[in-house]
>>> print(open('run_2.txt').read())   # compact mmCIF, C-alpha atoms
# COMPACT_ATOMS: atom_id res chain seq x y z
CA MET K 1 17.36 -8.89 -23.42
CA PRO K 2 16.63 -11.55 -20.80
CA VAL K 3 18.76 -11.95 -17.66
CA ASP K 4 18.42 -15.12 -15.63
CA LEU K 5 17.81 -14.32 -11.95
CA GLY K 6 17.16 -17.87 -10.84
CA GLU K 7 13.49 -17.93 -9.87
CA LEU K 8 12.62 -15.18 -12.34
CA ILE K 9 13.86 -13.68 -15.59
CA ALA K 10 14.51 -9.94 -15.87
CA LEU K 11 13.60 -8.42 -19.23
CA TYR K 12 14.55 -4.96 -20.39
CA HIS K 13 12.02 -3.74 -22.96
CA ARG K 14 13.85 -1.20 -25.13
CA PRO K 15 10.84 0.54 -26.72
CA SER K 16 9.37 1.44 -23.33
CA ALA K 17 12.62 1.42 -21.26
CA ARG K 18 10.77 -0.67 -18.70
CA THR K 19 12.06 -3.63 -16.75
CA HIS K 20 9.85 -6.69 -16.34
CA LEU K 21 10.41 -9.59 -13.98
CA VAL K 22 8.68 -12.65 -15.36
CA GLY K 23 8.38 -16.30 -14.40
CA SER K 24 7.59 -19.41 -16.35
CA PRO K 25 5.79 -19.77 -18.75
CA VAL K 26 6.35 -16.19 -19.94
CA PRO K 27 10.01 -16.60 -21.01
CA GLU K 28 9.09 -19.77 -22.88
CA ILE K 29 6.16 -18.05 -24.64
CA LEU K 30 8.28 -15.07 -25.68
CA ASP K 31 11.06 -17.32 -26.88
CA ALA K 32 8.67 -19.45 -28.92
CA LEU K 33 7.10 -16.35 -30.45
CA GLY K 34 10.48 -14.92 -31.41
CA GLU K 35 10.13 -12.16 -33.98
CA GLU K 36 7.40 -13.93 -35.97
CA ALA K 37 3.69 -13.26 -35.83
CA MET K 38 1.69 -16.37 -34.90
CA ASP K 39 -1.89 -17.04 -34.06
CA THR K 40 -2.72 -18.65 -30.73
CA GLN K 41 -3.05 -22.14 -32.22
CA GLN K 42 0.31 -21.91 -34.00
CA LEU K 43 1.94 -20.75 -30.80
CA LEU K 44 0.27 -23.53 -28.82
CA ASP K 45 1.53 -26.07 -31.37
CA ALA K 46 5.04 -24.63 -31.18
CA LEU K 47 5.06 -24.82 -27.38
CA GLN K 48 3.68 -28.37 -27.45
CA ARG K 49 6.44 -29.46 -29.84
CA ARG K 50 9.21 -27.68 -28.01
CA TYR K 51 8.29 -28.70 -24.47
CA ALA K 52 6.49 -32.01 -25.21
CA LEU K 53 3.32 -30.76 -23.51
CA ASP K 54 0.46 -33.21 -23.34
CA ASP K 55 -1.95 -31.03 -21.36
CA ALA K 56 -1.60 -27.71 -23.20
CA ASP K 57 -4.51 -25.45 -22.32
CA PRO K 58 -5.53 -22.94 -25.04
CA GLN K 59 -7.48 -20.83 -22.54
CA ALA K 60 -4.53 -20.51 -20.19
CA LEU K 61 -2.33 -19.50 -23.11
CA ALA K 62 -4.90 -16.92 -24.24
CA ALA K 63 -4.97 -15.49 -20.72
CA ARG K 64 -1.15 -15.22 -20.59
CA LEU K 65 -1.11 -13.58 -24.03
CA ALA K 66 -3.70 -11.04 -22.89
CA GLU K 67 -1.52 -10.21 -19.87
CA LEU K 68 1.57 -9.83 -22.02
CA GLU K 69 -0.34 -7.59 -24.44
CA SER K 70 -1.58 -5.44 -21.56
CA VAL K 71 1.99 -4.78 -20.32
CA GLY K 72 3.21 -4.14 -23.86
CA LEU K 73 5.56 -7.08 -24.30
CA ILE K 74 3.63 -8.45 -27.29
CA ARG K 75 1.18 -6.87 -29.70
CA ARG K 76 -1.48 -8.07 -32.07
CA ALA K 77 -0.24 -8.26 -35.64
CA MET U 1 25.86 33.89 -3.61
CA ARG U 2 27.65 35.69 -0.78
CA TYR U 3 29.67 32.69 0.39
CA ARG U 4 30.75 29.74 -1.71
CA THR U 5 33.05 26.77 -1.91
CA LEU U 6 33.95 23.96 -4.27
CA LEU U 7 34.18 20.34 -3.17
CA LYS U 8 35.28 17.20 -4.93
CA ILE U 9 34.04 13.95 -3.45
CA GLY U 10 35.17 10.92 -5.41
CA PRO U 11 34.35 11.57 -9.08
CA VAL U 12 31.77 14.29 -8.36
CA GLY U 13 32.34 18.02 -8.04
CA PHE U 14 29.99 20.35 -6.15
CA ARG U 15 29.67 24.12 -6.11
CA ILE U 16 28.02 25.21 -2.89
CA GLY U 17 26.76 28.71 -2.28
CA SER U 18 25.20 30.13 0.85
CA ASP U 19 23.61 33.30 2.16
CA TRP U 20 25.46 32.66 5.43
CA ARG U 21 29.13 32.18 6.26
CA ALA U 22 28.70 29.38 8.85
CA PRO U 23 27.70 26.43 6.63
CA ILE U 24 30.51 27.17 4.15
CA ALA U 25 33.03 27.55 6.98
CA ALA U 26 31.93 24.19 8.42
CA LEU U 27 32.27 22.51 5.01
CA ASP U 28 35.70 24.06 4.36
CA ASP U 29 36.87 22.84 7.75
CA LEU U 30 35.53 19.31 7.54
CA TYR U 31 36.55 18.81 3.88
CA ARG U 32 39.92 20.58 4.27
CA ASP U 33 41.97 17.42 3.54
CA TYR U 34 40.09 16.58 0.33
CA PRO U 35 41.83 17.35 -2.97
CA ARG U 36 40.85 20.68 -4.49
CA PRO U 37 38.68 20.46 -7.62
CA ASP U 38 40.63 20.68 -10.89
CA SER U 39 38.54 23.59 -12.11
CA ASP U 40 35.58 25.82 -11.30
CA ILE U 41 33.33 23.58 -13.35
CA ALA U 42 31.23 21.51 -10.97
CA ASP U 43 28.85 18.66 -11.71
CA PHE U 44 26.21 20.07 -9.38
CA THR U 45 25.31 23.29 -7.63
CA VAL U 46 23.76 23.49 -4.15
CA ARG U 47 22.36 26.75 -2.85
CA LEU U 48 21.54 27.46 0.78
CA PHE U 49 19.34 30.50 0.83
CA ALA U 50 16.86 32.47 2.90
CA ALA U 51 13.25 32.20 1.72
CA ARG U 52 12.80 35.95 2.54
CA TRP U 53 15.62 38.41 2.94
CA TRP U 54 14.90 39.02 6.62
CA ARG U 55 15.21 35.30 7.24
CA ARG U 56 18.95 35.77 6.89
CA PHE U 57 18.88 37.51 10.24
CA LEU U 58 15.61 36.89 12.02
CA ARG U 59 15.19 33.27 13.13
CA PRO U 60 17.39 32.37 10.15
CA SER U 61 16.23 29.31 8.28
CA VAL U 62 17.95 27.57 5.41
CA MET U 63 16.18 26.58 2.21
CA ILE U 64 17.94 23.97 0.09
CA GLY U 65 18.18 24.82 -3.61
CA GLY U 66 20.32 23.77 -6.51
CA ASP U 67 20.14 22.11 -9.91
CA TYR U 68 17.56 19.69 -8.51
CA THR U 69 15.11 20.50 -5.74
CA ILE U 70 12.19 19.01 -3.91
CA PRO U 71 9.14 21.28 -4.04
CA ASP U 72 7.81 22.42 -0.67
CA ALA U 73 10.80 21.06 1.29
CA ALA U 74 10.78 22.49 4.80
CA PRO U 75 13.70 24.77 5.70
CA LEU U 76 16.19 23.91 8.45
CA PRO U 77 17.38 26.29 11.18
CA LEU U 78 20.75 27.90 10.46
CA SER U 79 22.31 25.80 13.25
CA MET U 80 21.75 22.84 10.92
CA GLY U 81 23.27 24.58 7.89
CA LEU U 82 25.92 21.87 7.54
CA LEU U 83 23.21 19.21 7.44
CA ALA U 84 21.35 21.28 4.84
CA ALA U 85 24.47 21.37 2.66
CA GLU U 86 24.96 17.60 2.95
CA MET U 87 21.27 16.99 2.21
CA GLY U 88 21.55 19.30 -0.78
CA MET U 89 24.54 17.37 -2.14
CA ASN U 90 22.77 14.04 -1.62
CA LEU U 91 19.70 15.40 -3.38
CA GLN U 92 21.70 16.45 -6.44
CA MET U 93 23.24 12.98 -6.61
CA ALA U 94 19.96 11.16 -6.07
CA LEU U 95 18.02 13.15 -8.67
CA GLY U 96 20.64 14.18 -11.17
CA HIS U 97 23.57 11.78 -11.33
CA ARG U 98 23.74 9.76 -14.54
CA ARG U 99 27.30 8.53 -14.96
CA TYR U 100 27.00 5.62 -12.51
CA LEU U 101 24.17 3.50 -11.15
CA LEU U 102 23.58 4.87 -7.66
CA VAL U 103 22.75 2.37 -4.95
CA HIS U 104 21.75 3.69 -1.55
CA ALA U 105 24.42 1.70 0.28
CA SER U 106 27.55 2.03 2.31
CA ALA U 107 30.71 0.54 0.84
CA VAL U 108 34.05 -0.48 2.34
CA GLU U 109 37.05 -1.97 0.56
CA ARG U 110 39.77 -4.45 1.36
CA ASP U 111 42.38 -5.77 -1.10
CA GLY U 112 40.62 -4.12 -4.03
CA ARG U 113 37.30 -5.82 -3.25
CA ALA U 114 34.22 -4.10 -1.91
CA LEU U 115 31.59 -4.99 0.67
CA LEU U 116 28.29 -3.22 0.01
CA MET U 117 25.63 -2.79 2.72
CA THR U 118 22.21 -1.50 1.80
CA GLY U 119 19.02 -1.05 3.75
CA MET U 120 16.48 1.37 5.09
CA SER U 121 17.49 4.38 7.13
CA GLY U 122 18.38 3.06 10.61
CA ALA U 123 19.59 -0.32 9.34
CA GLY U 124 23.12 0.58 10.39
CA LYS U 125 24.81 1.15 7.03
CA SER U 126 26.86 4.13 8.20
CA THR U 127 27.60 2.73 11.65
CA LEU U 128 28.85 -0.61 10.39
CA ALA U 129 30.92 1.04 7.65
CA ALA U 130 32.53 3.43 10.15
CA LEU U 131 33.27 0.61 12.61
CA LEU U 132 34.80 -1.51 9.84
CA THR U 133 37.22 1.32 9.02
CA ALA U 134 38.53 0.94 12.59
CA ARG U 135 39.35 -2.65 11.64
CA GLY U 136 41.43 -1.93 8.57
CA TRP U 137 38.80 -1.45 5.89
CA ARG U 138 38.89 1.54 3.55
CA LEU U 139 35.70 3.57 3.57
CA MET U 140 34.28 4.14 0.09
CA GLY U 141 31.09 5.83 1.22
CA ASP U 142 28.26 5.66 3.71
CA GLU U 143 25.44 6.88 1.46
CA PHE U 144 25.85 5.96 -2.20
CA ALA U 145 27.74 3.19 -3.94
CA LEU U 146 28.47 4.21 -7.55
CA ILE U 147 28.35 1.24 -9.92
CA ASP U 148 29.99 1.71 -13.32
CA PRO U 149 27.76 0.15 -16.02
CA GLU U 150 30.78 -0.39 -18.30
CA THR U 151 33.07 -2.17 -15.84
CA GLY U 152 30.85 -3.31 -12.97
CA LEU U 153 33.31 -1.67 -10.56
CA VAL U 154 32.10 0.31 -7.57
CA HIS U 155 33.41 3.86 -7.28
CA ALA U 156 33.83 5.69 -3.99
CA PHE U 157 31.80 8.67 -2.83
CA PRO U 158 33.31 9.26 0.62
CA ARG U 159 31.32 12.25 1.85
CA LEU U 160 31.17 12.96 5.57
CA ILE U 161 29.84 9.95 7.48
CA SER U 162 26.47 10.77 8.96
CA LEU U 163 26.23 9.23 12.45
CA LYS U 164 22.94 9.29 14.25
CA ASN U 165 21.83 8.90 17.86
CA ARG U 166 23.49 5.96 19.64
CA ALA U 167 25.99 5.45 16.82
CA ILE U 168 27.65 8.77 17.63
CA ASP U 169 29.21 7.59 20.91
CA GLU U 170 29.71 4.05 19.71
CA VAL U 171 31.77 5.08 16.68
CA HIS U 172 33.63 7.71 18.70
CA SER U 173 34.76 4.97 21.11
CA ALA U 174 36.04 2.86 18.22
CA LEU U 175 37.66 5.82 16.42
CA PRO U 176 38.70 8.18 19.23
CA GLY U 177 41.00 10.14 16.90
CA GLY U 178 38.33 10.72 14.26
CA ARG U 179 37.53 14.32 13.33
CA VAL U 180 33.90 15.19 13.85
CA GLY U 181 31.63 18.11 13.07
CA PRO U 182 29.33 19.89 15.51
CA MET U 183 26.66 17.90 17.36
CA LEU U 184 23.35 18.63 15.64
CA ALA U 185 20.59 17.86 18.14
CA ASP U 186 16.98 17.15 17.24
CA THR U 187 17.37 17.11 13.48
CA PRO U 188 14.59 15.45 11.46
CA LYS U 189 16.67 12.25 11.85
CA GLY U 190 17.39 12.69 15.57
CA ASP U 191 20.78 13.70 16.95
CA LEU U 192 23.34 13.77 14.18
CA ARG U 193 27.08 14.26 13.99
CA HIS U 194 29.32 14.08 10.94
CA LEU U 195 32.56 12.10 11.00
CA VAL U 196 35.34 12.94 8.53
CA PRO U 197 36.48 9.82 6.65
CA ASP U 198 40.05 8.87 7.53
CA ALA U 199 43.09 9.88 5.45
CA ARG U 200 43.18 6.57 3.61
CA ALA U 201 39.58 6.96 2.43
CA ILE U 202 40.34 10.44 1.10
CA GLU U 203 43.67 9.54 -0.47
CA ALA U 204 42.18 6.54 -2.31
CA MET U 205 38.83 8.09 -3.21
CA MET U 206 39.43 7.82 -6.97
CA ARG U 207 40.30 4.12 -6.76
CA PRO U 208 37.37 1.81 -7.61
CA ALA U 209 36.92 -1.74 -6.33
CA THR U 210 35.30 -4.96 -7.44
CA PRO U 211 32.02 -5.71 -5.62
CA ALA U 212 32.57 -8.94 -3.69
CA LEU U 213 29.74 -9.21 -1.13
CA LEU U 214 26.35 -7.55 -0.70
CA LEU U 215 24.61 -7.45 2.68
CA PHE U 216 21.14 -6.29 3.71
CA PRO U 217 21.60 -5.49 7.40
CA ALA U 218 18.67 -5.00 9.79
CA PHE U 219 19.25 -3.74 13.32
CA GLY U 220 17.23 -4.75 16.37
CA HIS U 221 16.70 -8.46 15.85
CA ALA U 222 18.36 -11.63 17.09
CA LEU U 223 21.53 -12.49 15.22
CA ALA U 224 20.62 -14.30 11.99
CA GLU U 225 21.61 -14.58 8.38
CA ARG U 226 19.85 -15.89 5.33
CA PRO U 227 20.69 -16.10 1.64
CA VAL U 228 18.73 -13.75 -0.60
CA GLY U 229 17.72 -14.98 -4.05
CA ARG U 230 18.84 -13.07 -7.10
CA ALA U 231 15.31 -12.04 -8.06
CA GLU U 232 14.65 -10.59 -4.58
CA THR U 233 18.06 -8.90 -4.63
CA PHE U 234 17.28 -7.36 -8.03
CA VAL U 235 13.96 -5.96 -6.80
CA ARG U 236 15.44 -4.65 -3.55
CA LEU U 237 18.26 -2.92 -5.41
CA THR U 238 15.89 -1.28 -7.88
CA GLN U 239 14.21 0.19 -4.79
CA ALA U 240 17.58 1.16 -3.28
CA SER U 241 18.72 2.87 -6.49
CA THR U 242 17.76 6.47 -7.09
CA ASN U 243 18.56 6.45 -10.80
CA PHE U 244 17.83 2.93 -12.04
CA VAL U 245 14.89 4.11 -14.14
CA LEU U 246 16.71 7.25 -15.30
CA LEU U 247 19.67 5.27 -16.64
CA GLY U 248 17.51 2.99 -18.78
CA GLU U 249 19.38 0.12 -20.40
CA SER U 250 22.77 0.91 -18.86
CA GLY U 251 21.19 0.83 -15.40
CA PHE U 252 19.59 -2.51 -16.20
CA THR U 253 22.93 -3.86 -17.39
CA ALA U 254 24.78 -2.58 -14.31
CA LEU U 255 22.23 -3.96 -11.89
CA SER U 256 21.95 -7.34 -13.63
CA HIS U 257 25.71 -7.72 -13.59
CA LEU U 258 25.95 -6.78 -9.92
CA VAL U 259 23.16 -9.16 -8.89
CA ASN U 260 24.70 -12.04 -10.83
CA SER U 261 28.27 -11.46 -9.66
CA VAL U 262 28.15 -11.12 -5.86
CA PRO U 263 26.98 -13.38 -3.02
CA VAL U 264 24.14 -11.82 -1.04
CA ARG U 265 23.01 -12.25 2.56
CA ALA U 266 20.40 -10.56 4.74
CA ILE U 267 21.72 -10.20 8.28
CA ASP U 268 19.82 -9.35 11.45
CA TYR U 269 21.79 -8.13 14.45
CA PRO U 270 21.01 -6.99 18.00
CA ASP U 271 24.29 -5.10 18.55
CA THR U 272 27.23 -3.97 16.48
CA PRO U 273 29.89 -6.36 17.91
CA GLY U 274 27.67 -9.24 16.80
CA ALA U 275 27.23 -7.68 13.38
CA ILE U 276 30.96 -7.08 12.92
CA ALA U 277 31.77 -10.69 13.84
CA LEU U 278 29.14 -11.91 11.37
CA VAL U 279 30.46 -9.63 8.62
CA ASP U 280 33.99 -10.94 9.24
CA ARG U 281 32.80 -14.53 8.96
CA LEU U 282 30.72 -13.92 5.83
CA TRP U 283 33.62 -12.08 4.20
CA GLU U 284 35.97 -14.97 4.97
CA THR U 285 33.62 -17.64 3.67
CA LEU U 286 31.80 -15.95 0.77
CA ALA U 287 33.81 -13.08 -0.67
>>> encode(input="run_2.txt", output="structure tokens")
Amino acid sequence: MPVDLGELIALYHRPSARTHLVGSPVPEILDALGEEAMDTQQLLDALQRRYALDDADPQALAARLAELESVGLIRRA
Amino acid sequence: MRYRTLLKIGPVGFRIGSDWRAPIAALDDLYRDYPRPDSDIADFTVRLFAARWWRRFLRPSVMIGGDYTIPDAAPLPLSMGLLAAEMGMNLQMALGHRRYLLVHASAVERDGRALLMTGMSGAGKSTLAALLTARGWRLMGDEFALIDPETGLVHAFPRLISLKNRAIDEVHSALPGGRVGPMLADTPKGDLRHLVPDARAIEAMMRPATPALLLFPAFGHALAERPVGRAETFVRLTQASTNFVLLGESGFTALSHLVNSVPVRAIDYPDTPGAIALVDRLWETLA
């Protein structure tokens, strides 16, 4: 349930009842993931297609995914 | 308890019991013009009691109890029994209220639209709200603004206005006819005196208003104003809310709606006339 706050997006995470304030690229990553399980390469490809990225960095994406996993917003399938 | 009373402040009912007559007598006097509760069923109970039986008589000191308590809270001398009752009521609201999102803010209303002012203790929330009532605003509350998650409206909680230190004389000059409680010197918050909200505030206390402007005042600086981004406003209001986490998704919804529906300014002010003029201008241009 994202709410646009201008510089940041507020997310209410129902399972944990916690509020997260996130900035780009987190909203884009979560949106690209949707409800489907993807591996890092599939997600990177999806982001590249959607946002016409020509300098997509797999390591940066892996780091963001690790952060999102640590706060409980995504989980390993 | 030996002495007791029932109060209704906005949508919230309190049952207050005391080991001593004085705090209940002070409450009954200061709240005498408020409507009587519809029934004996209160939302919250506050108990003012002696930690040991002899403390009723010997250097009497008041412990604050009730549905919700803070462990190890220090007692207050009986001369501050009224303050203990007000603190007890605030505590029940802060820890136990679930119907509305509580924002630690003062609120005043004009033409069905509300100005909210939130900030740390000493920022001038109560003082500015009281002074604005002398200029035609209706006081909705000086402590908590109650935001309805379903409608986004702010509901009034017009308890006694808690004036501290220099604000006591300043507000008395602006509202010479205002009814006040006893002067409570050297409380944990300095000198303190309660002001009874005016008749209009009491008569209209069940009437909500649409939030129209949110200010973060700060006293003691040169006059200034700056816009506050929505993300910063959201974070500040989560800190200013006592039940944001408790309310879960409805609190999130209420706060998000508030943040995205009102203009927000931080204002610094060196004196209250400057602040009032700035509030007038911001209300004219933004609200």
>>> interface_residues(input="run_2.txt", of="chain U", to="chain K", cutoff="12 Å", atoms="all atoms listed in the file", output="PyMOL selection string")
chain U and resi 228-235+238+244-261
>>> atom_distance(input="run_2.txt", atom1="atom CA of U:Trp54", atom2="atom CA of U:Thr69")
22.3 Å
>>> atom_distance(input="run_2.txt", atom1="atom CA of U:Lys125", atom2="atom CA of U:Glu203")
22.0 Å
>>> residues_around(input="run_2.txt", residues="K:Asp54", least_positions_apart="5", cutoff="12 Å", atoms="only C-alpha atoms", output="ChimeraX atom specification")
/K:44-45,47-49
>>> write_last_selection(input="run_2.txt", atoms="C-alpha atoms", output="PDB file, in the coordinates of the input")
ATOM      1  CA  LEU K  44       0.270 -23.530 -28.820  1.00  0.00           C
ATOM      2  CA  ASP K  45       1.530 -26.070 -31.370  1.00  0.00           C
ATOM      3  CA  LEU K  47       5.060 -24.820 -27.380  1.00  0.00           C
ATOM      4  CA  GLN K  48       3.680 -28.370 -27.450  1.00  0.00           C
ATOM      5  CA  ARG K  49       6.440 -29.460 -29.840  1.00  0.00           C
TER       6      ARG K  49
END
>>> residues_around(input="run_2.txt", residues="K:Leu61", least_positions_apart="6", cutoff="10 Å", atoms="all atoms listed in the file", output="number ranges by chain")
K: 25-26, 29, 40-41, 43-44, 67
>>> atom_distance(input="run_2.txt", atom1="atom CA of U:Pro197", atom2="atom CA of U:Ser39")
23.4 Å
>>> residues_around(input="run_2.txt", residues="U:Ala209", least_positions_apart="4", cutoff="10 Å", atoms="all atoms listed in the file", output="MDAnalysis selection string")
chainID U and resid 107:115 140 147 152:156
>>> residues_near_point(input="run_2.txt", point="(27.9, 21.0, 11.8)", cutoff="9 Å", atoms="only C-alpha atoms", output="PyMOL selection string")
chain U and resi 22-23+26-27+30+79-83+180-184+192-194
>>> residues_around(input="run_2.txt", residues="U:Arg59", least_positions_apart="2", cutoff="12 Å", atoms="all atoms listed in the file", output="count of residues only")
15
>>> closest_residue(input="run_2.txt", among="K:Leu73, K:Leu68, K:Ala60, K:Ala52", to="K:Glu35", atoms="only C-alpha atoms")
K:Leu73
>>> residues_near_point(input="run_2.txt", point="(17.5, 23.9, 0.5)", cutoff="10 Å", atoms="all atoms listed in the file", output="list in words")
Ser18, Val46, Arg47, Leu48, Phe49, Ala50, Ala51, Ser61, Val62, Met63, Ile64, Gly65, Gly66, Tyr68, Thr69, Ile70, Pro71, Asp72, Ala73, Ala74, Pro75, Leu76, Gly81, Ala84, Ala85, Met87, Gly88, Met89 and Leu91 of chain U
